[in-house]
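Student: Dropping in run_34.pdb, with PDB, C-alpha atoms and all ligand atoms.
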ATOM      1  CA  MET A 444     157.432 331.601 188.502
ATOM      2  CA  ARG A 445     160.711 329.992 189.455
ATOM      3  CA  ILE A 446     161.031 326.664 187.590
ATOM      4  CA  GLY A 447     163.293 323.825 188.645
ATOM      5  CA  ALA A 448     163.444 320.244 189.828
ATOM      6  CA  HIS A 449     163.681 317.835 192.706
ATOM      7  CA  VAL A 450     167.386 317.072 193.186
ATOM      8  CA  ALA A 451     169.294 314.470 195.169
ATOM      9  CA  VAL A 452     170.902 315.552 198.414
ATOM     10  CA  SER A 453     173.554 312.852 198.745
ATOM     11  CA  GLY A 454     176.883 314.314 199.764
ATOM     12  CA  GLY A 455     175.252 317.185 201.639
ATOM     13  CA  LEU A 456     172.855 320.092 201.243
ATOM     14  CA  ALA A 457     175.333 322.231 199.281
ATOM     15  CA  LYS A 458     175.774 319.374 196.773
ATOM     16  CA  ALA A 459     172.056 319.544 195.976
ATOM     17  CA  VAL A 460     172.476 323.201 195.029
ATOM     18  CA  GLY A 461     175.254 322.281 192.595
ATOM     19  CA  ARG A 462     173.088 319.581 191.008
ATOM     20  CA  GLY A 463     170.219 322.033 190.566
ATOM     21  CA  ALA A 464     172.441 324.710 189.055
ATOM     22  CA  GLU A 465     173.951 322.182 186.651
ATOM     23  CA  ILE A 466     170.557 321.414 185.099
ATOM     24  CA  GLY A 467     169.444 325.049 184.924
ATOM     25  CA  CYS A 468     167.101 325.269 187.913
ATOM     26  CA  GLU A 469     165.672 328.505 189.306
ATOM     27  CA  ALA A 470     164.094 326.494 192.141
ATOM     28  CA  ILE A 471     165.000 323.183 193.751
ATOM     29  CA  GLN A 472     163.303 320.676 196.003
ATOM     30  CA  ILE A 473     165.102 318.224 198.267
ATOM     31  CA  PHE A 474     164.296 315.488 200.736
ATOM     32  CA  ASN A 475     165.745 316.345 204.144
ATOM     33  CA  GLN A 476     166.361 312.662 204.801
ATOM     34  CA  SER A 477     166.031 309.315 203.086
ATOM     35  CA  PRO A 478     162.393 309.340 201.946
ATOM     36  CA  ARG A 479     161.630 305.805 203.051
ATOM     37  CA  MET A 480     163.371 305.705 206.418
ATOM     38  CA  TRP A 481     162.497 307.329 209.723
ATOM     39  CA  ARG A 482     166.108 307.937 210.705
ATOM     40  CA  PRO A 483     166.864 311.651 210.341
ATOM     41  CA  THR A 484     169.998 312.984 208.680
ATOM     42  CA  ALA A 485     171.845 315.153 211.185
ATOM     43  CA  TYR A 486     172.421 318.587 209.649
ATOM     44  CA  GLY A 487     173.905 321.440 211.641
ATOM     45  CA  ASP A 488     174.564 325.155 211.317
ATOM     46  CA  ASP A 489     177.658 324.536 209.170
ATOM     47  CA  ASP A 490     175.581 322.604 206.627
ATOM     48  CA  PHE A 491     172.975 325.374 206.542
ATOM     49  CA  ALA A 492     175.651 328.051 206.052
ATOM     50  CA  ALA A 493     177.315 326.013 203.282
ATOM     51  CA  MET A 494     173.992 325.639 201.501
ATOM     52  CA  ARG A 495     173.142 329.334 201.753
ATOM     53  CA  GLU A 496     176.600 330.191 200.450
ATOM     54  CA  ALA A 497     176.216 327.739 197.561
ATOM     55  CA  LEU A 498     172.835 329.259 196.706
ATOM     56  CA  GLU A 499     174.279 332.755 196.503
ATOM     57  CA  ALA A 500     176.636 331.647 193.742
ATOM     58  CA  THR A 501     173.745 330.373 191.571
ATOM     59  CA  SER A 502     170.538 331.698 190.030
ATOM     60  CA  ILE A 503     168.487 329.378 192.230
ATOM     61  CA  ASP A 504     166.355 331.506 194.479
ATOM     62  CA  ALA A 505     163.760 329.105 195.836
ATOM     63  CA  VAL A 506     164.212 325.953 197.902
ATOM     64  CA  LEU A 507     161.486 323.508 198.891
ATOM     65  CA  ILE A 508     161.913 320.604 201.279
ATOM     66  CA  HIS A 509     159.705 317.558 200.694
ATOM     67  CA  ALA A 510     158.798 315.813 203.957
ATOM     68  CA  VAL A 511     159.249 312.048 204.096
ATOM     69  CA  TYR A 512     156.540 309.813 202.571
ATOM     70  CA  LEU A 513     156.352 307.644 205.681
ATOM     71  CA  LEU A 514     154.721 310.437 207.647
ATOM     72  CA  ASN A 515     151.071 310.031 208.466
ATOM     73  CA  CYS A 516     150.062 312.939 210.657
ATOM     74  CA  ALA A 517     146.503 311.564 210.611
ATOM     75  CA  SER A 518     147.439 308.158 212.034
ATOM     76  CA  ASP A 519     145.403 306.846 214.966
ATOM     77  CA  ASP A 520     148.479 304.860 216.026
ATOM     78  CA  ASN A 521     150.199 306.980 218.699
ATOM     79  CA  GLU A 522     153.661 305.711 217.778
ATOM     80  CA  ILE A 523     153.257 306.670 214.087
ATOM     81  CA  ALA A 524     151.750 310.036 215.040
ATOM     82  CA  ARG A 525     154.682 310.786 217.366
ATOM     83  CA  LYS A 526     157.262 309.757 214.751
ATOM     84  CA  SER A 527     155.444 311.881 212.175
ATOM     85  CA  LEU A 528     155.561 314.891 214.486
ATOM     86  CA  ASP A 529     159.289 314.423 215.178
ATOM     87  CA  SER A 530     160.087 314.096 211.488
ATOM     88  CA  LEU A 531     157.976 317.098 210.509
ATOM     89  CA  VAL A 532     159.662 319.202 213.191
ATOM     90  CA  GLN A 533     163.027 318.087 211.793
ATOM     91  CA  SER A 534     162.017 319.154 208.251
ATOM     92  CA  LEU A 535     160.800 322.550 209.460
ATOM     93  CA  ARG A 536     163.975 323.128 211.516
ATOM     94  CA  ILE A 537     166.089 322.503 208.429
ATOM     95  CA  GLY A 538     163.766 324.828 206.544
ATOM     96  CA  ASP A 539     164.358 327.474 209.216
ATOM     97  CA  GLY A 540     168.108 326.872 208.981
ATOM     98  CA  ILE A 541     168.392 327.286 205.233
ATOM     99  CA  GLY A 542     165.619 329.862 204.832
ATOM    100  CA  ALA A 543     163.534 327.508 202.669
ATOM    101  CA  ASP A 544     160.417 328.728 200.877
ATOM    102  CA  GLY A 545     158.488 325.867 202.380
ATOM    103  CA  VAL A 546     158.259 322.295 203.577
ATOM    104  CA  VAL A 547     155.873 320.315 201.349
ATOM    105  CA  LEU A 548     153.812 317.727 203.194
ATOM    106  CA  HIS A 549     151.348 314.992 202.261
ATOM    107  CA  ALA A 550     149.178 315.535 205.331
ATOM    108  CA  GLY A 551     148.358 311.876 205.799
ATOM    109  CA  SER A 552     145.737 309.249 205.258
ATOM    110  CA  ALA A 553     142.472 308.376 206.941
ATOM    111  CA  LYS A 554     143.023 304.819 205.632
ATOM    112  CA  THR A 555     139.518 303.351 205.832
ATOM    113  CA  GLY A 556     138.474 305.412 208.851
ATOM    114  CA  ASP A 557     136.442 308.560 209.344
ATOM    115  CA  VAL A 558     137.826 311.470 207.286
ATOM    116  CA  ALA A 559     136.736 314.283 209.638
ATOM    117  CA  LYS A 560     138.419 312.576 212.594
ATOM    118  CA  ALA A 561     141.567 311.975 210.540
ATOM    119  CA  ILE A 562     141.672 315.670 209.573
ATOM    120  CA  ALA A 563     141.369 316.642 213.239
ATOM    121  CA  ARG A 564     144.249 314.314 214.188
ATOM    122  CA  ALA A 565     146.449 315.618 211.363
ATOM    123  CA  GLY A 566     145.640 319.201 212.332
ATOM    124  CA  LYS A 567     146.794 318.561 215.879
ATOM    125  CA  VAL A 568     150.163 317.152 214.765
ATOM    126  CA  ILE A 569     150.733 319.961 212.248
ATOM    127  CA  LYS A 570     149.855 322.616 214.823
ATOM    128  CA  ALA A 571     152.314 321.092 217.294
ATOM    129  CA  ALA A 572     155.084 321.030 214.665
ATOM    130  CA  LEU A 573     154.537 324.713 213.849
ATOM    131  CA  LYS A 574     154.653 325.556 217.540
ATOM    132  CA  GLU A 575     158.039 323.875 217.935
ATOM    133  CA  THR A 576     159.623 325.698 214.988
ATOM    134  CA  ASP A 577     160.186 329.319 213.983
ATOM    135  CA  SER A 578     159.134 330.577 210.619
ATOM    136  CA  CYS A 579     159.480 328.123 207.719
ATOM    137  CA  PRO A 580     156.189 327.888 205.793
ATOM    138  CA  LEU A 581     154.420 324.523 205.534
ATOM    139  CA  HIS A 582     152.661 323.685 202.254
ATOM    140  CA  LEU A 583     150.045 320.920 202.312
ATOM    141  CA  GLU A 584     150.101 319.106 198.982
ATOM    142  CA  ASN A 585     146.929 318.138 197.150
ATOM    143  CA  THR A 586     146.718 314.397 196.579
ATOM    144  CA  ALA A 587     145.545 312.184 193.722
ATOM    145  CA  GLY A 588     142.860 310.890 196.072
ATOM    146  CA  ALA A 589     143.993 307.265 196.334
ATOM    147  CA  GLY A 590     142.814 305.367 199.394
ATOM    148  CA  GLY A 591     142.019 307.706 202.251
ATOM    149  CA  THR A 592     144.718 310.262 201.420
ATOM    150  CA  LEU A 593     143.792 313.666 202.814
ATOM    151  CA  GLY A 594     143.913 316.703 200.533
ATOM    152  CA  ARG A 595     142.116 315.341 197.459
ATOM    153  CA  SER A 596     139.906 318.438 197.305
ATOM    154  CA  PHE A 597     140.291 322.118 198.174
ATOM    155  CA  GLY A 598     137.650 321.630 200.858
ATOM    156  CA  GLU A 599     139.853 319.007 202.526
ATOM    157  CA  LEU A 600     142.937 321.228 202.266
ATOM    158  CA  ALA A 601     140.974 324.118 203.815
ATOM    159  CA  ALA A 602     139.712 321.829 206.597
ATOM    160  CA  LEU A 603     143.279 320.669 207.312
ATOM    161  CA  ILE A 604     144.477 324.285 207.517
ATOM    162  CA  ASP A 605     141.637 325.137 209.902
ATOM    163  CA  ALA A 606     142.295 322.047 212.024
ATOM    164  CA  ALA A 607     145.959 323.106 212.280
ATOM    165  CA  GLY A 608     144.976 326.516 213.647
ATOM    166  CA  ALA A 609     144.959 328.498 210.351
ATOM    167  CA  ASP A 610     148.492 329.718 211.106
ATOM    168  CA  ASP A 611     149.929 332.262 208.638
ATOM    169  CA  ARG A 612     152.748 329.806 207.898
ATOM    170  CA  LEU A 613     150.294 327.325 206.348
ATOM    171  CA  GLY A 614     149.894 327.166 202.587
ATOM    172  CA  ILE A 615     149.282 324.650 199.837
ATOM    173  CA  CYS A 616     151.349 322.979 197.138
ATOM    174  CA  LEU A 617     149.409 322.127 193.975
ATOM    175  CA  ASP A 618     150.611 319.163 191.909
ATOM    176  CA  SER A 619     149.383 319.140 188.280
ATOM    177  CA  CYS A 620     149.334 315.330 188.102
ATOM    178  CA  HIS A 621     147.430 314.958 191.367
ATOM    179  CA  LEU A 622     144.911 317.626 190.294
ATOM    180  CA  LEU A 623     144.152 315.781 187.053
ATOM    181  CA  ALA A 624     143.946 312.411 188.786
ATOM    182  CA  SER A 625     141.590 313.894 191.379
ATOM    183  CA  GLY A 626     139.257 315.090 188.650
ATOM    184  CA  PHE A 627     140.301 318.727 188.277
ATOM    185  CA  GLU A 628     140.631 319.852 184.632
ATOM    186  CA  VAL A 629     143.938 321.695 184.323
ATOM    187  CA  ARG A 630     144.529 321.335 180.568
ATOM    188  CA  ASP A 631     142.708 324.368 179.192
ATOM    189  CA  ALA A 632     142.927 327.929 180.468
ATOM    190  CA  ASP A 633     139.233 328.465 181.224
ATOM    191  CA  SER A 634     138.874 325.172 183.105
ATOM    192  CA  LEU A 635     142.044 325.784 185.098
ATOM    193  CA  ALA A 636     140.814 329.289 185.968
ATOM    194  CA  ALA A 637     137.559 327.774 187.270
ATOM    195  CA  VAL A 638     139.532 325.216 189.315
ATOM    196  CA  LEU A 639     141.574 328.041 190.822
ATOM    197  CA  ASP A 640     138.472 330.111 191.560
ATOM    198  CA  GLU A 641     137.240 327.186 193.646
ATOM    199  CA  CYS A 642     140.671 326.752 195.211
ATOM    200  CA  VAL A 643     141.210 330.357 196.316
ATOM    201  CA  GLY A 644     137.569 330.613 197.382
ATOM    202  CA  LEU A 645     138.101 327.821 199.891
ATOM    203  CA  VAL A 646     141.770 328.157 200.791
ATOM    204  CA  GLY A 647     142.615 331.828 200.135
ATOM    205  CA  VAL A 648     144.883 333.174 197.410
ATOM    206  CA  GLU A 649     147.560 334.098 199.967
ATOM    207  CA  ARG A 650     147.980 330.404 200.772
ATOM    208  CA  LEU A 651     149.083 329.407 197.261
ATOM    209  CA  GLY A 652     152.645 328.444 198.168
ATOM    210  CA  SER A 653     154.297 326.166 195.630
ATOM    211  CA  LEU A 654     153.746 323.925 192.619
ATOM    212  CA  HIS A 655     154.744 320.493 191.378
ATOM    213  CA  VAL A 656     154.594 320.174 187.620
ATOM    214  CA  ASN A 657     154.304 316.517 186.644
ATOM    215  CA  ASP A 658     152.554 314.909 183.715
ATOM    216  CA  SER A 659     150.208 312.022 184.529
ATOM    217  CA  GLN A 660     150.229 308.435 183.293
ATOM    218  CA  ALA A 661     146.804 307.889 184.798
ATOM    219  CA  PRO A 662     143.698 309.461 183.248
ATOM    220  CA  PHE A 663     141.507 312.315 184.488
ATOM    221  CA  GLY A 664     139.633 311.403 187.660
ATOM    222  CA  SER A 665     141.378 308.033 188.077
ATOM    223  CA  ASN A 666     142.634 308.798 191.614
ATOM    224  CA  VAL A 667     145.887 307.086 190.651
ATOM    225  CA  ASP A 668     149.161 308.886 191.460
ATOM    226  CA  ARG A 669     151.504 307.923 188.639
ATOM    227  CA  HIS A 670     153.748 310.630 187.220
ATOM    228  CA  ALA A 671     154.767 310.746 183.564
ATOM    229  CA  TYR A 672     157.678 312.583 181.991
ATOM    230  CA  MET A 673     156.883 316.115 180.812
ATOM    231  CA  GLY A 674     154.676 315.924 177.732
ATOM    232  CA  ASP A 675     154.413 312.116 177.718
ATOM    233  CA  GLY A 676     151.227 311.793 179.741
ATOM    234  CA  GLU A 677     147.558 312.671 179.847
ATOM    235  CA  ILE A 678     148.261 316.380 180.366
ATOM    236  CA  GLY A 679     150.628 316.679 177.400
ATOM    237  CA  GLU A 680     152.657 319.666 176.267
ATOM    238  CA  PRO A 681     149.671 321.948 175.490
ATOM    239  CA  GLY A 682     148.114 321.212 178.903
ATOM    240  CA  LEU A 683     151.399 321.764 180.726
ATOM    241  CA  ALA A 684     151.804 325.083 178.883
ATOM    242  CA  VAL A 685     148.405 326.131 180.281
ATOM    243  CA  PHE A 686     149.319 325.063 183.836
ATOM    244  CA  LEU A 687     152.712 326.801 183.739
ATOM    245  CA  SER A 688     151.241 330.105 182.523
ATOM    246  CA  GLU A 689     148.300 330.430 184.934
ATOM    247  CA  PRO A 690     148.406 334.067 186.176
ATOM    248  CA  ARG A 691     147.723 333.166 189.823
ATOM    249  CA  PHE A 692     150.817 330.919 189.832
ATOM    250  CA  GLU A 693     153.056 333.888 189.025
ATOM    251  CA  GLY A 694     155.986 334.123 191.446
ATOM    252  CA  LEU A 695     155.599 330.609 192.896
ATOM    253  CA  PRO A 696     158.398 328.027 192.953
ATOM    254  CA  CYS A 697     157.499 325.171 190.588
ATOM    255  CA  VAL A 698     159.467 321.917 190.503
ATOM    256  CA  LEU A 699     159.481 318.885 188.236
ATOM    257  CA  GLU A 700     159.623 315.665 190.258
ATOM    258  CA  THR A 701     159.881 313.166 187.412
ATOM    259  CA  LEU A 702     162.756 313.776 185.009
ATOM    260  CA  ARG A 703     164.383 311.610 182.353
ATOM    261  CA  ARG A 704     167.580 310.331 183.894
ATOM    262  CA  ASP A 705     170.024 311.588 181.307
ATOM    263  CA  ARG A 706     167.967 314.506 180.060
ATOM    264  CA  GLN A 707     167.275 316.423 183.229
ATOM    265  CA  SER A 708     168.425 319.784 181.906
ATOM    266  CA  GLU A 709     166.345 319.245 178.747
ATOM    267  CA  ASP A 710     163.278 318.552 180.872
ATOM    268  CA  VAL A 711     163.786 321.711 182.949
ATOM    269  CA  ALA A 712     164.351 323.716 179.766
ATOM    270  CA  LEU A 713     161.202 322.177 178.244
ATOM    271  CA  ALA A 714     159.159 323.374 181.226
ATOM    272  CA  MET A 715     160.531 326.887 180.772
ATOM    273  CA  THR A 716     159.737 326.786 177.036
ATOM    274  CA  LEU A 717     156.204 325.511 177.662
ATOM    275  CA  ARG A 718     155.619 328.336 180.140
ATOM    276  CA  LYS A 719     156.668 330.901 177.513
ATOM    277  CA  ARG A 720     154.453 329.204 174.936
ATOM    278  CA  GLY A 721     151.513 329.303 177.354
ATOM    279  CA  LEU A 722     152.069 332.982 178.146
ATOM    280  CA  ALA A 723     152.233 333.851 174.441
ATOM    281  CA  ARG A 724     148.981 331.990 173.756
ATOM    282  CA  ARG A 725     147.231 333.832 176.600
ATOM    283  CA  ARG A 726     148.402 337.207 175.227
ATOM    284  CA  ARG A 727     147.007 336.398 171.787
ATOM    285  CA  LYS A 728     143.577 335.596 173.201
TER     286      LYS A 728
HETATM  287 ZN    ZN A 801     154.141 316.323 194.072
HETATM  288 ZN    ZN A 802     152.641 312.254 192.928
END
Would you encode the structure as structure tokens?
Tutor:
Amino acid sequence: MRIGAHVAVSGGLAKAVGRGAEIGCEAIQIFNQSPRMWRPTAYGDDDFAAMREALEATSIDAVLIHAVYLLNCASDDNEIARKSLDSLVQSLRIGDGIGADGVVLHAGSAKTGDVAKAIARAGKVIKAALKETDSCPLHLENTAGAGGTLGRSFGELAALIDAAGADDRLGICLDSCHLLASGFEVRDADSLAAVLDECVGLVGVERLGSLHVNDSQAPFGSNVDRHAYMGDGEIGEPGLAVFLSEPRFEGLPCVLETLRRDRQSEDVALAMTLRKRGLARRRRK
């Protein structure tokens, strides 16, 4: 597992690498543009080369790109669907340019409409985005299940992958907070193993792409997406240690998205410590 954090990208892609290195990251995640605006940031080959060069000078060896929150690939509004496609293509092109491990996407929302139809619409947009880009993987993130957000269950993630053509580039990103909020028990090793059995049974183990490790302010099964600082939430340090040491997560990039402002390196270090603690506990069993 490569542990790290979401880092700001202001000042350029290479700057994000420096920020990640400064707080001890082995993996980083960035937004490829302002997360609440449609307007894309124009990056070119020079920016990609500068970022790759910056990465070589650090021990960061995994980069994730988080697609913009505004995207709704499942929208039945043609204008929103077209903008979502353009923005997703942009994210994947940057991923191609920097050799990212994946673009992480919230597939979209059915709002109050029919879920199966929404999945079909999202699949179409995702398929088109893959067709327009080269090789960067695309990881569909599981959601906390609020509103009509798609990806609340492994069945929905599998259906989205199928609707998008089951391309080899498609994978999933599992968020610990969203899993708990969606009613998946991740806090003890046996329960998490059972959750993963269900997950790989429906999605396929080869599609496990990346992880978000966040604690949760909202309780188990609440369908509320509210991150807590590491150890301060409903998952807690023992639960996070279980999540971070799950054998099937070995090798995946894993980023914290919610860090204490002035204690970012401590939070990253805490995640690394909790992983070691979890591994030691599993060995003793
Ligand atoms: Zn997340
Ligand atoms: Zn979240």
Student: Go through A:Glu584, A:Asp577, A:Glu599, A:Glu496 and flag the residue nearest Ala563 of chain A, using all atoms listed in the file for the distances.
Tutor: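 Checking each of A:Glu584, A:Asp577, A:Glu599, A:Glu496 against Ala563 of chain A, counting all atoms listed in the file, the winner is A:Glu599.
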Student: Produce the centre coordinates and the three edge lengths, each in Å to one decimal, of the box along x, y and z that contains all listed atoms of segment 572-589 of chain A with 3 Å added on each side, as JSON.
Tutor:
{"center_x": 151.5, "center_y": 318.9, "center_z": 205.8, "size_x": 23.3, "size_y": 29.3, "size_z": 30.2}
Student: Please list as a PyMOL selection string every residue within 10 Å of Lys526 of chain A, counting all atoms listed in the file and excluding residues in the same chain fewer than 4 positions away.
Tutor: chain A and resi 481-482+513-516+521-522+530-532
Student: Neighbouring residues of ligand ZN 801 (chain A) are defined here as those with any atom at most 9 Å from a ligand atom, counting all atoms listed in the file; list them as a PyMOL selection string.
Tutor: chain A and resi 509+547+549+584-586+616-621+654-657+670+698-700
Student: Quick one: pull the distance between atom CA of Phe692 of chain A and atom CA of Gln533 of chain A, Å, one decimal.
Tutor: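 Between atom CA of Phe692 of chain A and atom CA of Gln533 of chain A the gap works out to 28.2 Å.
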Student: Which one of A:Gly594, A:Lys560, A:Arg703, A:Pro690 sits closest to Arg718 of chain A if you count only C-alpha atoms?
Tutor: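 Counting only C-alpha atoms, the residue closest to Arg718 of chain A is A:Pro690.
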Student: Mind listing as a ChimeraX atom specification all residues within 10 Å of (139.3, 325.3, 204.5), counting only C-alpha atoms?
Tutor: /A:596-606,609,642-647
Student: Given the selection you just returned, output its residues as a file containing C-alpha atoms, formatted as a PDB file, in the frame of the given file.
Tutor:
ATOM      1  CA  SER A 596     139.906 318.438 197.305  1.00  0.00           C
ATOM      2  CA  PHE A 597     140.291 322.118 198.174  1.00  0.00           C
ATOM      3  CA  GLY A 598     137.650 321.630 200.858  1.00  0.00           C
ATOM      4  CA  GLU A 599     139.853 319.007 202.526  1.00  0.00           C
ATOM      5  CA  LEU A 600     142.937 321.228 202.266  1.00  0.00           C
ATOM      6  CA  ALA A 601     140.974 324.118 203.815  1.00  0.00           C
ATOM      7  CA  ALA A 602     139.712 321.829 206.597  1.00  0.00           C
ATOM      8  CA  LEU A 603     143.279 320.669 207.312  1.00  0.00           C
ATOM      9  CA  ILE A 604     144.477 324.285 207.517  1.00  0.00           C
ATOM     10  CA  ASP A 605     141.637 325.137 209.902  1.00  0.00           C
ATOM     11  CA  ALA A 606     142.295 322.047 212.024  1.00  0.00           C
ATOM     12  CA  ALA A 609     144.959 328.498 210.351  1.00  0.00           C
ATOM     13  CA  CYS A 642     140.671 326.752 195.211  1.00  0.00           C
ATOM     14  CA  VAL A 643     141.210 330.357 196.316  1.00  0.00           C
ATOM     15  CA  GLY A 644     137.569 330.613 197.382  1.00  0.00           C
ATOM     16  CA  LEU A 645     138.101 327.821 199.891  1.00  0.00           C
ATOM     17  CA  VAL A 646     141.770 328.157 200.791  1.00  0.00           C
ATOM     18  CA  GLY A 647     142.615 331.828 200.135  1.00  0.00           C
TER      19      GLY A 647
END
Student: Pick from A:Arg595, A:Arg630, A:Arg525, A:Lys570: nearest to Gly674 of chain A, with all atoms listed in the file counted?
Tutor: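 Of the candidates, the smallest distance to Gly674 of chain A is held by A:Arg630.
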Student: So the first atom is atom CA of Gly588 of chain A and the second is atom CA of Leu535 of chain A; what is the distance between them in Å, to one decimal place?
Tutor: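 The value is 25.2 Å.
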Student: Need the neighbours of (148.0, 318.3, 211.2): which residues are at most 9 Å away, counting only C-alpha atoms, as a ChimeraX atom specification?
Tutor: /A:516-517,528,550-551,562-572,603-604,606-607
Student: Which residue gives the smallest distance to Val558 of chain A among A:Asp519, A:Glu677, A:Asp544, A:Asp529, with only C-alpha atoms counted?
Tutor: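 Of A:Asp519, A:Glu677, A:Asp544, A:Asp529, the one nearest Val558 of chain A, counting only C-alpha atoms, is A:Asp519.
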Student: With distances taken over all atoms listed in the file, which residue among A:Arg669, A:Arg691, A:Arg720, A:Arg704 lies nearest ligand ZN 802 (chain A)?
Tutor: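 Looking at the shortest contact to ligand ZN 802 (chain A), the residue is A:Arg669.
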Student: Could you give me, as JSON, numbers by chain, the residues within 9 Å of Gly487 of chain A, counting only C-alpha atoms and dropping anything in the same chain fewer than 4 positions from it?
Tutor: {"A": [491, 492, 537, 540]}
Student: Hey, can you spit out that residue selection with C-alpha atoms as a PDB file, in the coordinates of the input?
Tutor:
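Result saved to selection-v7.pdb:
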ATOM      1  CA  PHE A 491     172.975 325.374 206.542  1.00  0.00           C
ATOM      2  CA  ALA A 492     175.651 328.051 206.052  1.00  0.00           C
ATOM      3  CA  ILE A 537     166.089 322.503 208.429  1.00  0.00           C
ATOM      4  CA  GLY A 540     168.108 326.872 208.981  1.00  0.00           C
TER       5      GLY A 540
END
Student: Please determine, counting all atoms listed in the file, which residue among A:Asp668, A:Asp705, A:Glu693, A:Asp488 has the shortest atom-to-atom distance to ligand ZN 802 (chain A).
Tutor: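 So, comparing all the options, the nearest one is A:Asp668.
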Student: Could you check how far atom CA of Ile615 of chain A sits from atom CA of Leu581 of chain A, in Å to one decimal?
Tutor: 7.7 Å
Student: Dump as JSON lines the rows for residues of segment 613-720 of chain A within 10 Å of segment 453-465 of chain A: closest atom pair and distance in Å with one decimal, all atoms listed in the file counted, ordered by chain and rising residue number.
Tutor:
{"residue": "A:Gln707", "atom": "CA", "partner": "A:Glu465", "partner_atom": "CA", "distance": 9.5}
{"residue": "A:Ser708", "atom": "CA", "partner": "A:Glu465", "partner_atom": "CA", "distance": 7.7}
{"residue": "A:Val711", "atom": "CA", "partner": "A:Gly463", "partner_atom": "CA", "distance": 10.0}
Student: Could you pull segment 503-517 of chain A out of the block above and give me N, CA and C atoms, as a CSV table (one decimal), in the first residue's frame?
Tutor:
chain,number,residue,atom,x,y,z
A,503,ILE,N,7.3,9.6,-3.8
A,503,ILE,CA,5.9,9.4,-4.2
A,503,ILE,C,5.9,8.6,-5.5
A,504,ASP,N,5.2,7.4,-5.4
A,504,ASP,CA,5.1,6.7,-6.7
A,504,ASP,C,3.7,6.3,-7.1
A,505,ALA,N,2.7,7.1,-6.6
A,505,ALA,CA,1.4,6.9,-7.1
A,505,ALA,C,0.7,8.2,-7.1
A,506,VAL,N,0.0,8.5,-8.2
A,506,VAL,CA,-0.8,9.8,-8.4
A,506,VAL,C,-2.2,9.5,-8.8
A,507,LEU,N,-3.1,10.0,-8.1
A,507,LEU,CA,-4.5,9.9,-8.4
A,507,LEU,C,-5.0,11.3,-8.8
A,508,ILE,N,-6.0,11.3,-9.7
A,508,ILE,CA,-6.6,12.6,-10.1
A,508,ILE,C,-8.1,12.5,-9.7
A,509,HIS,N,-8.6,13.4,-8.9
A,509,HIS,CA,-10.0,13.3,-8.5
A,509,HIS,C,-10.8,14.2,-9.5
A,510,ALA,N,-11.7,13.6,-10.2
A,510,ALA,CA,-12.6,14.4,-11.2
A,510,ALA,C,-13.4,15.4,-10.4
A,511,VAL,N,-13.9,16.4,-11.0
A,511,VAL,CA,-14.6,17.5,-10.4
A,511,VAL,C,-16.0,17.0,-9.9
A,512,TYR,N,-16.4,17.6,-8.7
A,512,TYR,CA,-17.7,17.2,-8.1
A,512,TYR,C,-18.9,17.6,-8.9
A,513,LEU,N,-18.8,18.6,-9.8
A,513,LEU,CA,-19.9,19.0,-10.6
A,513,LEU,C,-20.4,18.0,-11.6
A,514,LEU,N,-19.5,17.1,-11.9
A,514,LEU,CA,-19.8,16.1,-13.0
A,514,LEU,C,-21.1,15.3,-12.5
A,515,ASN,N,-22.0,15.1,-13.5
A,515,ASN,CA,-23.0,14.1,-13.3
A,515,ASN,C,-23.2,13.4,-14.6
A,516,CYS,N,-22.4,12.3,-14.7
A,516,CYS,CA,-22.5,11.5,-16.0
A,516,CYS,C,-23.8,10.9,-16.2
A,517,ALA,N,-24.6,10.8,-15.1
A,517,ALA,CA,-26.0,10.2,-15.2
A,517,ALA,C,-27.1,11.2,-15.5
